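Novice: I have a structure I would like to understand better, so I am pasting it below and will then ask my questions one at a time.
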Amino acid sequence: MFQGQRGWFCRSVSQALRQFWVDQGGMVSDAQAADFLFSCDASHPDTLRIYQSLEYTEDSATVFHAYYLAAVANAEKKNSVALGHFVLPPACLQKEIRRKIGSFIWEQDEKFQIEKHSRA
Amino acid sequence: ETDNCSRMLKYRCPGCIVVRKLLNSRNFSKLLHSCAYQCDHHKVIMEAEDKYKNELRKAFICAKRILLTPCRRRQLSKES
Ligand SMILES: [Zn+2]
């Protein structure tokens with residue numbers, strides 16, 4: 001599913017989610033070379049570095065919550081999971097955003113348990 | 001039918017619909033910005049991030065200016 005794609009992972013992302021990425025053909029790379037930036041914690045120093053980069057200000061470094069991968073793992077139709085619903089904004093903005101649109105999809109932890117999923 | 005359409009529009013935008021094969025961390029934000037319509041979810045996130053990015057851009061410019069100010073440069077060379 002992720003054949004030929006490069007992913008960067010914040011250290012806040014669990015090994016199980018990284019493994020799923022690799023099992024599905026994805027490669028792990030540094031942030032500069034990555035097509036996808038994954039994090040589970042917007043305030044982790046690794047992810048903060050992305051938010052404070054020139055690339056981010058130039059609209060070319062969107063961080064996605066790594067629960068996207070869990071959602072894909074658990075979905076029957078893997079391509080039906082909308083990546084766009086897993087945007088992870090900087091921690092300092094989350095409160096304001098939540099006030100306007102309610103909780104983020106990735107805040108429902110129980111939905112994204114990948115451990116139960118048997119590896120393909 | 002019209003009801004269905006407006007409901008679609010109300011809840012989904014290109015940020016919701018475009019398939020992952022065409023999306024990544026590099027083009028997602030640009031794609032959202034290029035669309036006239038964003039759903040509430042993406043509009044709110046985009047606006048909040050844009051504000052943050054503007055502040056950061058200003059901070060970058062300030063930092064650059066400080067580094068390039070002649071007296072600051074002299075100071076730096078004295079320190080080293
Ligand atoms: Zn949307």
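Order determines the names: the first chain of the structure tokens is A, the second B, and so forth; residues in each chain are numbered 1 upward, and ligands are numbered 1 upward as they are shown.
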List every residue of chain A that has an atom at most 12 Å from any atom of ligand 1, and for each one report the closest atom pair and its distance in Å to one decimal, counting only C-alpha atoms and all ligand atoms, with rows sorted by chain and then by increasing residue number, as CSV.

Specialist:
```
residue,atom,partner,partner_atom_place_in_ligand_line,distance
A:Ala82,CA,ligand 1,1 (Zn),9.5
A:Leu83,CA,ligand 1,1 (Zn),10.4
A:Gly84,CA,ligand 1,1 (Zn),7.1
A:His85,CA,ligand 1,1 (Zn),7.4
A:Phe86,CA,ligand 1,1 (Zn),10.7
A:Val87,CA,ligand 1,1 (Zn),10.6
A:Ile101,CA,ligand 1,1 (Zn),11.9
```

Novice: Take the residues just selected and output them with N, CA, C and O atoms as a CSV table (one decimal), in the first residue's frame.

Specialist:
```
chain,number,residue,atom,x,y,z
A,82,ALA,N,-9.5,8.6,4.9
A,82,ALA,CA,-9.1,10.0,4.4
A,82,ALA,C,-7.9,10.5,5.2
A,82,ALA,O,-8.0,10.8,6.4
A,83,LEU,N,-6.8,10.5,4.5
A,83,LEU,CA,-5.6,11.1,5.2
A,83,LEU,C,-5.8,12.5,5.7
A,83,LEU,O,-5.3,12.9,6.8
A,84,GLY,N,-6.5,13.2,4.9
A,84,GLY,CA,-6.8,14.6,5.3
A,84,GLY,C,-7.5,14.9,6.6
A,84,GLY,O,-7.5,16.0,7.2
A,85,HIS,N,-8.1,13.8,7.2
A,85,HIS,CA,-8.7,14.0,8.5
A,85,HIS,C,-7.7,13.8,9.6
A,85,HIS,O,-8.1,14.0,10.8
A,86,PHE,N,-6.5,13.5,9.3
A,86,PHE,CA,-5.5,13.2,10.3
A,86,PHE,C,-4.4,14.3,10.4
A,86,PHE,O,-3.4,14.1,11.0
A,87,VAL,N,-4.7,15.5,10.0
A,87,VAL,CA,-3.8,16.6,10.1
A,87,VAL,C,-3.5,16.9,11.6
A,87,VAL,O,-4.5,16.9,12.4
A,101,ILE,N,-14.4,23.2,16.3
A,101,ILE,CA,-14.9,22.0,15.5
A,101,ILE,C,-15.0,20.8,16.4
A,101,ILE,O,-15.2,19.7,15.8
```

Novice: Give me, as a ChimeraX atom specification, the contact residues of chain B against chain A at a cut-off of 7 Å, counting only C-alpha atoms.

Specialist: /B:15-17,19-20,24-30,41,44-45,48-49,53,57

Novice: For A:Leu69, find every residue with an atom within 9 Å (counting only C-alpha atoms), except residues of its own chain fewer than 2 positions away, and show them as a list in words.

Specialist: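 Skipping anything fewer than 2 positions along the chain leaves Leu17, Arg18, Phe20, Trp21, His65, Ala66, Tyr67, Ala71, Val72, Ala73, Asn74, Phe112 and Ile114 of chain A.
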
Novice: Among stretch 10-65 of chain A, which residues carry a DSSP assignment of helix (DSSP H, G or I), reported as a PyMOL selection string?

Specialist: chain A and resi 15-23+45-51+54-57

Novice: Based on the selection just made, write N, CA, C and O atoms of those residues as a compact mmCIF listing (two decimals), in the first residue's frame.

Specialist:
```
# COMPACT_ATOMS: atom_id res chain seq x y z
N GLN A 15 6.26 1.70 17.86
CA GLN A 15 6.95 0.78 16.96
C GLN A 15 5.94 0.03 16.09
O GLN A 15 6.20 -0.23 14.92
N ALA A 16 4.78 -0.28 16.66
CA ALA A 16 3.77 -1.04 15.91
C ALA A 16 3.32 -0.28 14.66
O ALA A 16 3.14 -0.87 13.59
N LEU A 17 3.17 1.02 14.80
CA LEU A 17 2.71 1.82 13.65
C LEU A 17 3.81 1.95 12.59
O LEU A 17 3.55 1.86 11.40
N ARG A 18 5.05 2.12 13.04
CA ARG A 18 6.17 2.16 12.09
C ARG A 18 6.26 0.85 11.34
O ARG A 18 6.50 0.81 10.14
N GLN A 19 6.10 -0.24 12.10
CA GLN A 19 6.22 -1.57 11.51
C GLN A 19 5.15 -1.77 10.44
O GLN A 19 5.41 -2.35 9.40
N PHE A 20 3.96 -1.27 10.72
CA PHE A 20 2.88 -1.40 9.75
C PHE A 20 3.25 -0.68 8.45
O PHE A 20 3.05 -1.19 7.36
N TRP A 21 3.81 0.50 8.59
CA TRP A 21 4.27 1.29 7.43
C TRP A 21 5.27 0.47 6.59
O TRP A 21 5.16 0.37 5.37
N VAL A 22 6.24 -0.12 7.29
CA VAL A 22 7.28 -0.90 6.60
C VAL A 22 6.68 -2.18 5.99
O VAL A 22 6.97 -2.52 4.85
N ASP A 23 5.82 -2.84 6.76
CA ASP A 23 5.17 -4.06 6.25
C ASP A 23 4.39 -3.80 4.97
O ASP A 23 4.23 -4.67 4.13
N PRO A 45 9.67 17.25 20.94
CA PRO A 45 10.73 18.07 20.30
C PRO A 45 10.96 17.75 18.82
O PRO A 45 11.20 18.66 18.02
N ASP A 46 10.88 16.46 18.45
CA ASP A 46 11.07 16.09 17.03
C ASP A 46 10.06 16.80 16.15
O ASP A 46 10.38 17.31 15.07
N THR A 47 8.82 16.80 16.60
CA THR A 47 7.74 17.39 15.80
C THR A 47 7.78 18.91 15.87
O THR A 47 7.52 19.59 14.87
N LEU A 48 8.16 19.44 17.02
CA LEU A 48 8.31 20.89 17.16
C LEU A 48 9.30 21.43 16.13
O LEU A 48 9.12 22.51 15.57
N ARG A 49 10.33 20.66 15.88
CA ARG A 49 11.34 21.08 14.92
C ARG A 49 10.71 21.27 13.53
O ARG A 49 11.08 22.17 12.79
N ILE A 50 9.76 20.41 13.20
CA ILE A 50 9.05 20.55 11.91
C ILE A 50 8.24 21.85 11.90
O ILE A 50 8.30 22.63 10.95
N TYR A 51 7.49 22.06 12.99
CA TYR A 51 6.63 23.25 13.05
C TYR A 51 7.43 24.55 13.02
O TYR A 51 6.88 25.61 12.74
N LEU A 54 11.38 26.34 8.07
CA LEU A 54 11.01 27.19 6.94
C LEU A 54 10.00 26.48 6.05
O LEU A 54 9.03 27.07 5.57
N GLU A 55 10.22 25.19 5.85
CA GLU A 55 9.32 24.39 5.01
C GLU A 55 7.89 24.47 5.51
O GLU A 55 6.95 24.56 4.73
N TYR A 56 7.75 24.40 6.82
CA TYR A 56 6.40 24.45 7.39
C TYR A 56 5.74 25.79 7.07
O TYR A 56 4.58 25.84 6.66
N THR A 57 6.49 26.87 7.23
CA THR A 57 5.91 28.19 6.94
C THR A 57 5.61 28.34 5.44
O THR A 57 4.79 29.15 5.06
```

Novice: So how many Å separate atom CA of A:Ala42 and atom CA of A:Ser14, to one decimal?

Specialist: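 Between atom CA of A:Ala42 and atom CA of A:Ser14 the gap is 14.4 Å.
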
Novice: Give me every strand (DSSP E) residue in chain A, going by DSSP on the backbone, as a PyMOL selection string.

Specialist: chain A and resi 6-9+27-28+36-39+63-65

Novice: Store the residues picked out above, limited to all heavy atoms, as a compact mmCIF listing (two decimals), in the first residue's frame.

Specialist:
```
# COMPACT_ATOMS: atom_id res chain seq x y z
N ARG A 6 8.33 7.46 1.19
CA ARG A 6 9.22 7.67 2.33
C ARG A 6 8.47 8.35 3.47
O ARG A 6 7.79 9.35 3.25
CB ARG A 6 10.40 8.54 1.91
CG ARG A 6 11.45 7.78 1.08
CD ARG A 6 12.31 8.75 0.33
NE ARG A 6 11.44 9.69 -0.41
CZ ARG A 6 11.76 10.24 -1.56
NH1 ARG A 6 12.92 10.01 -2.10
NH2 ARG A 6 10.92 11.07 -2.17
N GLY A 7 8.63 7.79 4.65
CA GLY A 7 7.95 8.35 5.82
C GLY A 7 8.94 8.73 6.90
O GLY A 7 9.91 8.01 7.13
N TRP A 8 8.69 9.86 7.52
CA TRP A 8 9.48 10.26 8.69
C TRP A 8 8.61 10.04 9.93
O TRP A 8 7.41 10.34 9.91
CB TRP A 8 9.89 11.73 8.60
CG TRP A 8 10.48 12.27 9.87
CD1 TRP A 8 11.77 12.17 10.28
CD2 TRP A 8 9.79 12.99 10.91
NE1 TRP A 8 11.93 12.78 11.50
CE2 TRP A 8 10.73 13.29 11.91
CE3 TRP A 8 8.46 13.40 11.10
CZ2 TRP A 8 10.40 13.98 13.08
CZ3 TRP A 8 8.12 14.08 12.26
CH2 TRP A 8 9.09 14.38 13.23
N PHE A 9 9.21 9.52 10.99
CA PHE A 9 8.45 9.26 12.21
C PHE A 9 9.04 9.99 13.40
O PHE A 9 10.23 9.82 13.71
CB PHE A 9 8.41 7.75 12.50
CG PHE A 9 7.60 6.98 11.50
CD1 PHE A 9 8.16 6.55 10.31
CD2 PHE A 9 6.26 6.71 11.74
CE1 PHE A 9 7.40 5.86 9.37
CE2 PHE A 9 5.49 6.03 10.81
CZ PHE A 9 6.06 5.60 9.62
N MET A 27 9.08 3.16 3.24
CA MET A 27 10.46 3.29 3.71
C MET A 27 10.50 4.34 4.82
O MET A 27 9.71 5.27 4.80
CB MET A 27 11.38 3.74 2.57
CG MET A 27 11.57 2.68 1.50
SD MET A 27 12.59 3.31 0.14
CE MET A 27 11.49 4.46 -0.64
N VAL A 28 11.45 4.19 5.73
CA VAL A 28 11.62 5.18 6.78
C VAL A 28 12.79 6.08 6.39
O VAL A 28 13.83 5.59 5.98
CB VAL A 28 11.89 4.51 8.15
CG1 VAL A 28 12.18 5.54 9.22
CG2 VAL A 28 10.68 3.64 8.55
N PHE A 36 5.96 11.77 3.72
CA PHE A 36 4.97 11.83 4.78
C PHE A 36 5.63 12.06 6.14
O PHE A 36 6.63 11.42 6.45
CB PHE A 36 4.16 10.52 4.85
CG PHE A 36 3.33 10.28 3.63
CD1 PHE A 36 3.85 9.62 2.54
CD2 PHE A 36 2.02 10.76 3.56
CE1 PHE A 36 3.09 9.42 1.39
CE2 PHE A 36 1.25 10.57 2.42
CZ PHE A 36 1.78 9.90 1.34
N LEU A 37 5.07 12.97 6.91
CA LEU A 37 5.59 13.27 8.25
C LEU A 37 4.56 12.78 9.27
O LEU A 37 3.43 13.27 9.29
CB LEU A 37 5.81 14.78 8.40
CG LEU A 37 6.72 15.41 7.34
CD1 LEU A 37 6.60 16.94 7.37
CD2 LEU A 37 8.17 14.98 7.54
N PHE A 38 4.94 11.82 10.08
CA PHE A 38 4.01 11.24 11.06
C PHE A 38 4.44 11.53 12.49
O PHE A 38 5.63 11.41 12.83
CB PHE A 38 3.91 9.73 10.88
CG PHE A 38 3.21 9.30 9.62
CD1 PHE A 38 3.91 8.58 8.64
CD2 PHE A 38 1.87 9.60 9.41
CE1 PHE A 38 3.28 8.18 7.47
CE2 PHE A 38 1.23 9.19 8.24
CZ PHE A 38 1.93 8.48 7.27
N SER A 39 3.47 11.85 13.32
CA SER A 39 3.74 12.09 14.74
C SER A 39 2.52 11.67 15.55
O SER A 39 1.41 11.62 15.04
CB SER A 39 4.02 13.58 14.96
OG SER A 39 4.07 13.88 16.33
N VAL A 63 2.08 17.88 9.02
CA VAL A 63 2.28 16.72 9.88
C VAL A 63 0.95 15.98 10.02
O VAL A 63 -0.08 16.59 10.26
CB VAL A 63 2.78 17.14 11.28
CG1 VAL A 63 2.97 15.92 12.18
CG2 VAL A 63 4.09 17.92 11.18
N PHE A 64 1.00 14.65 9.84
CA PHE A 64 -0.20 13.84 10.02
C PHE A 64 -0.06 12.99 11.28
O PHE A 64 1.04 12.52 11.60
CB PHE A 64 -0.42 12.92 8.81
CG PHE A 64 -0.73 13.67 7.55
CD1 PHE A 64 0.23 13.78 6.54
CD2 PHE A 64 -1.96 14.28 7.36
CE1 PHE A 64 -0.05 14.50 5.37
CE2 PHE A 64 -2.25 14.99 6.20
CZ PHE A 64 -1.29 15.09 5.20
N HIS A 65 -1.19 12.81 11.96
CA HIS A 65 -1.17 11.93 13.13
C HIS A 65 -0.98 10.50 12.66
O HIS A 65 -1.65 10.05 11.73
CB HIS A 65 -2.47 12.07 13.92
CG HIS A 65 -2.32 11.62 15.34
ND1 HIS A 65 -2.12 10.29 15.67
CD2 HIS A 65 -2.32 12.31 16.51
CE1 HIS A 65 -2.01 10.19 16.99
NE2 HIS A 65 -2.11 11.40 17.52
```

Novice: Between A:His44, A:Lys78, A:Lys111, A:Arg99, single out the one closest to A:Arg11, counting only C-alpha atoms.

Specialist: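 For A:Arg11, the nearest of the candidates is A:His44.
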
Novice: Which residues come within 9 Å of B:Tyr37, counting only C-alpha atoms, excluding same-chain residues fewer than 5 positions away, as a ChimeraX atom specification?

Specialist: /B:9,13-14,32,43

Novice: Here is a test: counting only C-alpha atoms, which residue of A:Gln3, A:Gln108, A:Cys10, A:Tyr68 is nearest to A:Ser43?

Specialist: A:Cys10

Novice: Interatomic distance between atom CA of A:Gly26 and atom CA of A:Gly4?

Specialist: 6.0 Å

Novice: Could you tell me how far atom CA of A:Lys77 sits from atom CA of A:Gln24, in Å to one decimal place?

Specialist: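 Atom CA of A:Gln24 sits 14.3 Å away from atom CA of A:Lys77.
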